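Enquirer: One file is attached below, structure31.txt, containing compact mmCIF, C-alpha atoms.
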# COMPACT_ATOMS: atom_id res chain seq x y z
CA MET I 1 155.53 -16.87 26.30
CA THR I 2 153.69 -19.96 25.09
CA GLY I 3 151.37 -19.84 28.11
CA LEU I 4 150.71 -16.15 27.56
CA ALA I 5 149.93 -16.72 23.92
CA ILE I 6 147.51 -19.52 24.77
CA ALA I 7 145.79 -17.25 27.31
CA ILE I 8 145.45 -14.46 24.73
CA VAL I 9 144.06 -16.84 22.13
CA GLY I 10 141.63 -18.24 24.73
CA LEU I 11 140.39 -14.78 25.68
CA ALA I 12 139.97 -13.85 22.03
CA ALA I 13 137.94 -17.02 21.48
CA LEU I 14 135.73 -16.22 24.46
CA ASN I 15 135.18 -12.71 23.16
CA LEU I 16 134.19 -14.09 19.78
CA LEU I 17 131.85 -16.57 21.46
CA PHE I 18 130.16 -13.86 23.55
CA ALA I 19 129.90 -11.60 20.51
CA GLY I 20 128.27 -14.44 18.59
CA LEU I 21 125.81 -15.07 21.43
CA VAL I 22 124.91 -11.38 21.54
CA LEU I 23 124.33 -11.39 17.79
CA VAL I 24 122.15 -14.51 18.00
CA LEU I 25 120.10 -13.06 20.86
CA ARG I 26 119.66 -9.81 18.97
CA VAL I 27 118.43 -11.65 15.90
CA LEU I 28 116.03 -13.76 17.98
CA HIS I 29 114.75 -10.69 19.78
CA GLY I 30 114.22 -8.90 16.49
CA ARG I 31 112.31 -11.83 15.06
CA ARG I 32 110.16 -12.09 18.17
CA ALA I 33 109.41 -8.36 18.10
CA SER I 34 108.55 -8.55 14.41
CA ARG I 35 106.28 -11.55 15.03
CA ARG I 36 104.46 -9.78 17.84
CA LYS I 37 104.03 -6.69 15.70
CA ARG I 38 102.45 -8.73 12.88
CA ARG I 39 100.15 -10.51 15.30
CA ASN I 40 99.16 -7.27 16.95
CA GLU I 41 98.37 -5.67 13.59
CA HIS I 42 96.20 -8.65 12.73
CA TRP I 43 94.39 -9.30 16.03
CA GLN I 44 93.94 -5.87 17.55
CA PRO I 45 91.47 -4.67 14.86
CA LEU I 46 89.55 -7.95 15.14
CA LEU I 47 89.25 -7.66 18.91
CA ILE I 48 88.25 -4.01 18.77
CA GLY I 49 85.68 -5.01 16.17
CA LEU I 50 84.09 -7.31 18.74
CA LEU I 51 83.02 -4.22 20.66
CA SER I 52 80.86 -2.91 17.86
CA ASP I 53 79.55 -5.94 15.96
CA ASP I 54 77.36 -8.94 16.75
CA SER I 55 79.94 -11.61 15.94
CA ASP I 56 80.53 -14.58 18.23
CA PRO I 57 83.64 -14.11 20.43
CA ALA I 58 84.02 -17.86 20.91
CA ALA I 59 84.02 -18.40 17.13
CA LEU I 60 86.77 -15.82 16.76
CA ALA I 61 88.79 -17.56 19.48
CA GLU I 62 88.69 -20.77 17.44
CA GLN I 63 90.68 -19.00 14.73
CA VAL I 64 93.68 -18.51 17.03
CA ASP I 65 96.61 -20.74 16.12
CA PRO I 66 98.09 -22.49 19.20
CA ALA I 67 101.50 -21.06 18.30
CA GLU I 68 100.20 -17.50 18.65
CA GLN I 69 97.89 -18.09 21.61
CA ARG I 70 100.13 -16.45 24.23
CA ASP I 71 100.67 -13.31 22.16
CA VAL I 72 96.95 -13.04 21.38
CA ILE I 73 96.10 -13.29 25.07
CA GLU I 74 98.53 -10.43 25.78
CA ILE I 75 96.83 -8.34 23.09
CA ALA I 76 93.39 -9.11 24.52
CA TRP I 77 94.57 -8.20 28.02
CA ASN I 78 96.01 -4.86 26.89
CA ILE I 79 92.60 -4.01 25.42
CA ALA I 80 90.38 -5.43 28.17
CA ARG I 81 92.12 -3.78 31.12
CA ARG I 82 91.12 -0.38 29.71
CA LEU I 83 87.46 -1.38 29.41
CA ARG I 84 84.55 -1.88 31.79
CA GLY I 85 81.10 -3.42 31.67
CA PRO I 86 79.76 -5.13 28.53
CA ASP I 87 82.80 -4.16 26.45
CA ARG I 88 85.17 -6.02 28.77
CA GLU I 89 82.76 -8.97 28.87
CA ARG I 90 82.99 -9.28 25.08
CA ILE I 91 86.79 -9.49 25.21
CA ARG I 92 86.58 -11.86 28.17
CA ALA I 93 84.24 -14.21 26.27
CA PHE I 94 86.89 -14.35 23.54
CA ALA I 95 89.78 -14.94 25.93
CA VAL I 96 88.39 -17.55 28.33
CA PRO I 97 88.90 -20.53 25.98
CA LEU I 98 92.54 -19.47 25.48
CA LEU I 99 93.60 -18.82 29.07
CA ASP I 100 95.10 -22.27 29.64
CA VAL I 101 98.37 -21.04 28.12
CA VAL I 102 98.65 -18.42 30.91
CA ALA I 103 97.32 -20.58 33.73
CA ALA I 104 100.53 -22.61 33.68
CA ASP I 105 102.47 -19.46 34.62
CA LEU I 106 100.59 -19.27 37.92
CA ALA I 107 102.82 -22.11 39.16
CA SER I 108 106.04 -20.44 38.02
CA GLY I 109 108.91 -20.21 40.48
CA ARG I 110 109.41 -16.53 39.58
CA ALA I 111 107.20 -14.14 41.53
CA GLU I 112 107.11 -11.65 38.64
CA THR I 113 105.81 -14.32 36.26
CA ARG I 114 103.12 -15.40 38.73
CA ALA I 115 102.10 -11.79 39.31
CA ARG I 116 101.72 -11.03 35.59
CA ALA I 117 99.79 -14.24 34.96
CA LEU I 118 97.52 -13.40 37.89
CA GLN I 119 96.84 -9.94 36.44
CA ILE I 120 95.82 -11.47 33.12
CA VAL I 121 93.68 -14.22 34.65
CA SER I 122 91.93 -11.81 37.02
CA CYS I 123 91.07 -9.48 34.14
CA LEU I 124 90.10 -12.04 31.49
CA GLY I 125 88.94 -15.02 33.55
CA ASP I 126 85.37 -15.85 34.47
CA THR I 127 83.86 -15.71 37.95
CA ASP I 128 84.91 -19.29 38.66
CA GLY I 129 88.50 -18.03 38.77
CA GLU I 130 87.90 -15.79 41.79
CA ALA I 131 88.48 -18.66 44.20
CA THR I 132 91.79 -19.37 42.49
CA ILE I 133 92.78 -15.71 42.76
CA SER I 134 92.00 -15.73 46.49
CA THR I 135 94.51 -18.54 47.08
CA PHE I 136 97.29 -16.18 45.98
CA LEU I 137 96.56 -13.85 48.90
CA ASP I 138 98.82 -16.20 50.87
CA ASP I 139 101.51 -16.43 48.20
CA SER I 140 105.06 -16.35 49.52
CA SER I 141 105.66 -13.15 47.54
CA PRO I 142 104.08 -9.94 48.91
CA LEU I 143 103.96 -8.66 45.31
CA VAL I 144 101.84 -11.60 44.14
CA SER I 145 99.65 -11.30 47.22
CA LEU I 146 99.07 -7.60 46.51
CA VAL I 147 98.17 -8.32 42.88
CA ALA I 148 95.61 -10.85 44.13
CA ALA I 149 94.23 -8.31 46.61
CA ARG I 150 93.88 -5.65 43.90
CA ALA I 151 92.13 -8.15 41.66
CA LEU I 152 89.61 -8.97 44.39
CA CYS I 153 89.00 -5.35 45.43
CA GLN I 154 86.38 -4.80 42.74
CA PRO I 155 82.69 -3.89 43.18
CA GLN I 156 81.57 -7.19 41.67
CA ARG I 157 83.88 -9.16 44.01
CA GLU I 158 82.86 -7.58 47.31
CA GLN I 159 82.35 -11.01 48.90
CA TRP I 160 86.14 -11.44 49.02
CA PHE I 161 86.80 -8.12 50.75
CA GLY I 162 86.99 -9.63 54.23
CA GLU I 163 89.81 -11.91 53.09
CA VAL I 164 91.77 -8.90 51.89
CA LEU I 165 91.27 -7.04 55.17
CA LEU I 166 92.65 -9.99 57.11
CA ARG I 167 95.92 -9.68 55.21
CA LEU I 168 96.42 -5.91 55.13
CA ASP I 169 99.47 -6.21 57.38
CA ARG I 170 101.27 -8.01 54.55
CA TYR I 171 101.26 -4.80 52.55
CA SER I 172 102.71 -2.50 55.19
CA SER I 173 105.73 -1.73 52.99
CA TRP I 174 103.52 -0.37 50.21
CA SER I 175 102.32 3.23 50.14
CA VAL I 176 99.17 4.16 52.02
CA ALA I 177 97.89 5.96 48.91
CA LEU I 178 98.11 2.73 46.91
CA LEU I 179 96.36 0.64 49.56
CA SER I 180 93.61 3.16 50.27
CA SER I 181 92.86 3.53 46.56
CA MET I 182 92.71 -0.27 46.25
CA LEU I 183 90.31 -0.60 49.18
CA ALA I 184 88.10 2.25 48.00
CA GLY I 185 87.81 0.50 44.63
CA VAL I 186 85.32 -1.93 46.15
CA GLY I 187 82.89 0.95 46.67
CA VAL I 188 80.39 1.81 49.38
CA ALA I 189 79.34 -1.84 49.72
CA ALA I 190 82.52 -2.42 51.73
CA ALA I 191 82.22 0.69 53.92
CA ALA I 192 80.58 -1.11 56.87
CA ARG I 193 83.39 -3.67 57.03
CA MET I 194 85.98 -0.91 56.86
CA ARG I 195 84.34 0.97 59.71
CA THR I 196 84.46 -2.19 61.83
CA TYR I 197 88.11 -2.71 60.92
CA LEU I 198 89.02 0.89 61.78
CA ALA I 199 87.29 0.67 65.17
CA ASP I 200 89.10 -2.52 66.21
CA GLY I 201 92.30 -1.61 68.04
CA ARG I 202 93.59 -5.17 67.62
CA ASN I 203 94.10 -4.59 63.91
CA PRO I 204 97.52 -3.33 62.71
CA VAL I 205 97.90 0.43 62.72
CA GLY I 206 99.10 0.55 59.12
CA GLY I 207 95.99 -1.25 57.95
CA ARG I 208 93.72 1.04 59.95
CA VAL I 209 95.44 4.10 58.44
CA ALA I 210 94.84 2.75 54.94
CA VAL I 211 91.20 1.99 55.79
CA ALA I 212 90.68 5.51 57.18
CA ARG I 213 92.06 6.97 53.96
CA ALA I 214 89.80 4.68 51.92
CA LEU I 215 86.73 5.83 53.88
CA GLU I 216 87.86 9.39 53.22
CA LEU I 217 87.97 8.67 49.48
CA LEU I 218 84.48 7.17 49.70
CA ARG I 219 83.28 10.14 51.81
CA ASP I 220 81.41 7.71 54.04
CA PRO I 221 79.29 9.81 56.45
CA GLU I 222 78.79 6.95 58.90
CA ALA I 223 82.55 6.79 59.51
CA SER I 224 82.64 10.12 61.34
CA ASP I 225 81.84 8.80 64.82
CA VAL I 226 84.28 5.91 64.38
CA ALA I 227 87.04 8.28 63.29
CA ALA I 228 86.45 10.62 66.24
CA ALA I 229 86.60 7.69 68.67
CA GLN I 230 90.06 6.66 67.43
CA ILE I 231 91.74 10.01 68.03
CA PRO I 232 92.44 10.05 71.78
CA GLY I 233 95.68 8.21 72.52
CA SER I 234 96.12 6.70 69.06
CA ASP I 235 99.19 6.32 66.92
CA PRO I 236 100.04 9.74 65.39
CA ASN I 237 99.68 8.46 61.81
CA LEU I 238 96.27 7.04 62.67
CA ILE I 239 95.28 10.31 64.37
CA ALA I 240 96.24 12.27 61.25
CA ALA I 241 94.33 9.85 59.01
CA CYS I 242 91.21 10.08 61.19
CA LEU I 243 91.46 13.87 61.24
CA ARG I 244 91.56 13.93 57.45
CA LEU I 245 88.54 11.63 57.41
CA LEU I 246 86.70 13.98 59.77
CA SER I 247 87.58 16.92 57.54
CA VAL I 248 85.31 15.49 54.83
CA VAL I 249 82.60 13.68 56.82
CA GLY I 250 82.80 15.17 60.34
CA ARG I 251 80.10 17.21 62.06
CA ALA I 252 80.22 20.18 64.40
CA GLU I 253 80.06 18.00 67.51
CA HIS I 254 83.32 16.33 66.53
CA ALA I 255 85.21 19.62 66.81
CA ALA I 256 85.64 19.11 70.59
CA VAL I 257 88.01 16.19 70.05
CA VAL I 258 89.92 18.08 67.36
CA ARG I 259 90.60 21.39 69.16
CA PRO I 260 93.27 20.13 71.60
CA LEU I 261 95.30 18.76 68.69
CA ILE I 262 96.03 22.14 67.13
CA ALA I 263 98.74 22.42 69.81
CA ASP I 264 100.08 18.87 69.29
CA GLU I 265 103.87 18.53 69.29
CA ARG I 266 103.87 16.76 65.91
CA PHE I 267 103.55 19.21 63.04
CA PHE I 268 101.62 16.87 60.72
CA VAL I 269 99.03 16.25 63.45
CA ARG I 270 98.73 20.00 64.10
CA SER I 271 98.34 20.61 60.38
CA ALA I 272 95.60 17.98 60.00
CA ALA I 273 93.79 19.23 63.11
CA ILE I 274 93.78 22.83 61.87
CA MET I 275 92.53 21.77 58.44
CA THR I 276 89.75 19.74 60.03
CA LEU I 277 88.74 22.44 62.48
CA GLY I 278 88.51 24.84 59.56
CA ARG I 279 85.92 22.52 58.03
CA ILE I 280 83.83 21.51 61.05
CA GLY I 281 84.61 24.27 63.57
CA ASN I 282 82.80 27.53 64.17
CA ARG I 283 83.58 31.23 64.07
CA GLN I 284 84.86 31.14 67.65
CA ASP I 285 87.58 28.70 66.57
CA ALA I 286 89.07 31.33 64.29
CA ARG I 287 90.96 32.96 67.17
CA LEU I 288 92.46 29.62 68.20
CA ILE I 289 93.56 28.98 64.64
CA PHE I 290 94.88 32.51 64.23
CA GLU I 291 97.29 31.89 67.10
CA THR I 292 98.86 29.03 65.13
CA THR I 293 99.85 31.22 62.20
CA ASP I 294 103.21 31.95 63.82
CA ASP I 295 103.97 28.23 63.97
CA ASP I 296 107.55 27.14 63.28
CA SER I 297 106.29 24.93 60.47
CA PRO I 298 105.42 26.89 57.30
CA TRP I 299 103.04 24.07 56.32
CA VAL I 300 101.06 24.51 59.53
CA ALA I 301 100.96 28.28 59.01
CA ILE I 302 99.62 27.88 55.48
CA ARG I 303 96.98 25.40 56.68
CA SER I 304 95.96 27.96 59.29
CA ALA I 305 95.36 30.60 56.63
CA GLN I 306 93.31 28.14 54.61
CA ALA I 307 91.28 27.16 57.68
CA LEU I 308 90.57 30.82 58.45
CA ALA I 309 89.27 31.24 54.92
CA ASN I 310 87.01 28.23 55.31
CA LEU I 311 85.62 29.78 58.51
CA HIS I 312 85.14 33.12 56.70
CA ALA I 313 87.38 34.80 59.28
CA SER I 314 88.10 37.84 57.11
CA ASP I 315 89.31 39.99 60.02
CA GLU I 316 92.00 37.49 60.98
CA LEU I 317 93.00 37.03 57.35
CA ALA I 318 93.32 40.80 56.97
CA LEU I 319 95.72 40.82 59.92
CA LEU I 320 97.76 38.11 58.26
CA ALA I 321 97.81 40.03 55.01
CA ALA I 322 99.40 42.93 56.84
CA ARG I 323 102.33 40.72 57.83
CA GLY I 324 105.26 40.00 55.58
CA GLY I 325 106.62 36.90 53.94
CA LEU I 326 104.89 33.59 53.41
CA LEU I 327 101.95 34.30 55.71
CA ARG I 328 101.09 37.46 53.80
CA ASP I 329 101.14 35.56 50.50
CA ALA I 330 99.00 32.74 51.97
CA ALA I 331 96.47 35.20 53.35
CA ILE I 332 96.18 37.11 50.10
CA GLU I 333 95.77 33.86 48.17
CA THR I 334 92.97 32.68 50.43
CA LEU I 335 91.30 36.09 50.42
CA TYR I 336 91.35 36.61 46.67
CA GLY I 337 92.21 33.28 45.16
CA GLY I 338 90.12 30.92 47.26
CA ALA I 339 91.20 28.37 49.83
CA ALA I 340 92.70 25.13 48.61
Kindly transcribe the structure held in the file into structure tokens.
Expert:
Amino acid sequence: MTGLAIAIVGLAALNLLFAGLVLVLRVLHGRRASRRKRRNEHWQPLLIGLLSDDSDPAALAEQVDPAEQRDVIEIAWNIARRLRGPDRERIRAFAVPLLDVVAADLASGRAETRARALQIVSCLGDTDGEATISTFLDDSSPLVSLVAARALCQPQREQWFGEVLLRLDRYSSWSVALLSSMLAGVGVAAAARMRTYLADGRNPVGGRVAVARALELLRDPEASDVAAAQIPGSDPNLIAACLRLLSVVGRAEHAAVVRPLIADERFFVRSAAIMTLGRIGNRQDARLIFETTDDDSPWVAIRSAQALANLHASDELALLAARGGLLRDAAIETLYGGAA
């Protein structure tokens, strides 16, 4: 019984200890939150005021107490990342003298800490920091590397774009939509390099798919011939991406390479081919597309109705409208509601 009693007393003491630790942590967290709130209420109006007055940002930075420097940098970052042009430059001029407190986090052993510090430095740092950002493209963490890539994929940092392209394979686990949006963020100045990357079969397929989607977002007309050349014998995901690119920048002569794919065994390739043919095909293609409206895939059938509308094939759409079910609804929508 004595041993049992000692065990019970020991467990009770541990519970009290843990309860005390929880209470202490809660108090500390509350104080920290209160401190941040006070600093935010003080510094946010001052920083927003920089956007509309002629005051000296560097002089305002001198008023920051070293004890509050990290919190003030966070406040400045939350404001600056929503701004562009001269407004961001005003906040950046304020923040540059204070960034040393964040720079130390770039050497942290935690990937999340490095990534956050890199986001802040890339937003608030000056142009001299771009070389530092580029070194994180080879960080051991794919997350940190992607943050660096996003930071460098800006119109004013186009000179680093080639370095990002060389490492696209590192980001294969991330969504194509995320990567293509990142690449397109550089703007048309990077289009020539993306066309070269897309045309090179030695590059990873995932990277070429992302590049094709980026060129689609940029609506780069010079990418049409490159996209058409990648279709025969390519990876199905790359074929679909190039078809979508052709749907926005393709020309009538590219329809020849698209037509065979409306009978492809993969439904997403058929769907993309039909959509593209509806954009760059001719009236004679309407009969070919009409034959795909009884496809096993409802998505393909709906794309067929939309393509017929784009080709102004009203006779074929009227035949679809006479059918029942989903095809009838799709035909009526495209006839009277407009094609998507």
Enquirer: Would you work out the distance separating atom CA of Phe267 of chain I from atom CA of Ser297 of chain I, expressed in Å to one decimal?
Expert: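 Answer for the atom CA of Phe267 of chain I to atom CA of Ser297 of chain I separation: 6.8 Å.
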Enquirer: Atom CA of Ala117 of chain I and atom CA of Ser134 of chain I, how far apart in Å?
Expert: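 So the answer is 14.0 Å.
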Enquirer: For Ser140 of chain I, which residue out of I:Leu166, I:Ala111, I:Met182, I:Ile120 is the nearest one, using only C-alpha atoms?
Expert: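 For Ser140 of chain I, the nearest of the given residues is I:Ala111.
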Enquirer: If we count all atoms listed in the file and set the cut-off at 8 Å, which residues sit around Leu217 of chain I, ignoring sequence neighbours fewer than 6 positions away in its own chain? Please answer as JSON, numbers by chain.
Expert: {"I": [180, 181, 184]}
Enquirer: Which residues of segment 59-93 of chain I have any atom within 9 Å of an atom in segment 123-127 of chain I when counting all atoms listed in the file, and what is the closest pair of atoms for each, with the distance in Å to one decimal? Order the rows by chain and rising number and write it as a tab-separated table.
Expert:
residue	atom	partner	partner_atom	distance
I:Ile73	CA	I:Leu124	CA	8.9
I:Ala76	CA	I:Leu124	CA	8.2
I:Trp77	CA	I:Leu124	CA	6.8
I:Ala80	CA	I:Cys123	CA	7.2
I:Arg81	CA	I:Cys123	CA	6.5
I:Arg88	CA	I:Leu124	CA	8.2
I:Glu89	CA	I:Leu124	CA	8.4
I:Ile91	CA	I:Leu124	CA	7.5
I:Arg92	CA	I:Leu124	CA	4.8
I:Ala93	CA	I:Leu124	CA	8.1
Enquirer: Would you pick out the contacts of segment 279-281 of chain I at 12 Å or less, using all atoms listed in the file, so that residues sharing its chain but fewer than 6 positions from it are not included, and give the list as a compact mmCIF listing (two decimals) with C-alpha atoms, in the coordinates of the input?
Expert:
# COMPACT_ATOMS: atom_id res chain seq x y z
CA SER I 224 82.64 10.12 61.34
CA LEU I 243 91.46 13.87 61.24
CA ARG I 244 91.56 13.93 57.45
CA LEU I 245 88.54 11.63 57.41
CA LEU I 246 86.70 13.98 59.77
CA SER I 247 87.58 16.92 57.54
CA VAL I 248 85.31 15.49 54.83
CA VAL I 249 82.60 13.68 56.82
CA GLY I 250 82.80 15.17 60.34
CA ARG I 251 80.10 17.21 62.06
CA ALA I 252 80.22 20.18 64.40
CA GLU I 253 80.06 18.00 67.51
CA HIS I 254 83.32 16.33 66.53
CA ALA I 255 85.21 19.62 66.81
CA ALA I 256 85.64 19.11 70.59
CA VAL I 257 88.01 16.19 70.05
CA VAL I 258 89.92 18.08 67.36
CA ARG I 259 90.60 21.39 69.16
CA ALA I 272 95.60 17.98 60.00
CA ALA I 273 93.79 19.23 63.11
CA ARG I 287 90.96 32.96 67.17
CA LEU I 288 92.46 29.62 68.20
CA ILE I 289 93.56 28.98 64.64
CA ARG I 303 96.98 25.40 56.68
CA SER I 304 95.96 27.96 59.29
CA GLN I 306 93.31 28.14 54.61
CA ALA I 307 91.28 27.16 57.68
CA LEU I 308 90.57 30.82 58.45
CA ALA I 309 89.27 31.24 54.92
CA ASN I 310 87.01 28.23 55.31
CA LEU I 311 85.62 29.78 58.51
CA HIS I 312 85.14 33.12 56.70
CA ALA I 313 87.38 34.80 59.28
CA ALA I 339 91.20 28.37 49.83
CA ALA I 340 92.70 25.13 48.61
Enquirer: Between I:Arg270, I:Arg213, I:Arg110, I:Arg219, which is the closest to Val188 of chain I once you count only C-alpha atoms?
Expert: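 Among I:Arg270, I:Arg213, I:Arg110, I:Arg219, it is I:Arg219 that comes nearest to Val188 of chain I.
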Enquirer: Using only C-alpha atoms, which protein or nucleic acid residues come within 9 Å of Gly187 of chain I? Drop anything in the same chain fewer than 5 positions from it, and give the result as a PDB file with C-alpha atoms, keeping the file's coordinate frame.
Expert:
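result_25.pdb, written as the output of this step:
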ATOM      1  CA  CYS I 153      89.000  -5.350  45.430  1.00  0.00           C
ATOM      2  CA  GLN I 154      86.380  -4.800  42.740  1.00  0.00           C
ATOM      3  CA  PRO I 155      82.690  -3.890  43.180  1.00  0.00           C
ATOM      4  CA  GLU I 158      82.860  -7.580  47.310  1.00  0.00           C
ATOM      5  CA  LEU I 218      84.480   7.170  49.700  1.00  0.00           C
TER       6      LEU I 218
END
Enquirer: Please determine, counting only C-alpha atoms, which residue among I:Leu178, I:Ala190, I:Ile48, I:Leu60 has the shortest atom-to-atom distance to Trp160 of chain I.
Expert: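 Among the listed residues, I:Ala190 lies closest to Trp160 of chain I.
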Enquirer: Record the distance separating atom CA of Leu106 of chain I and atom CA of Gly85 of chain I, expressed in Å with one decimal.
Expert: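 Taking atom CA of Leu106 of chain I as the start and atom CA of Gly85 of chain I as the end point, the length is 25.9 Å.
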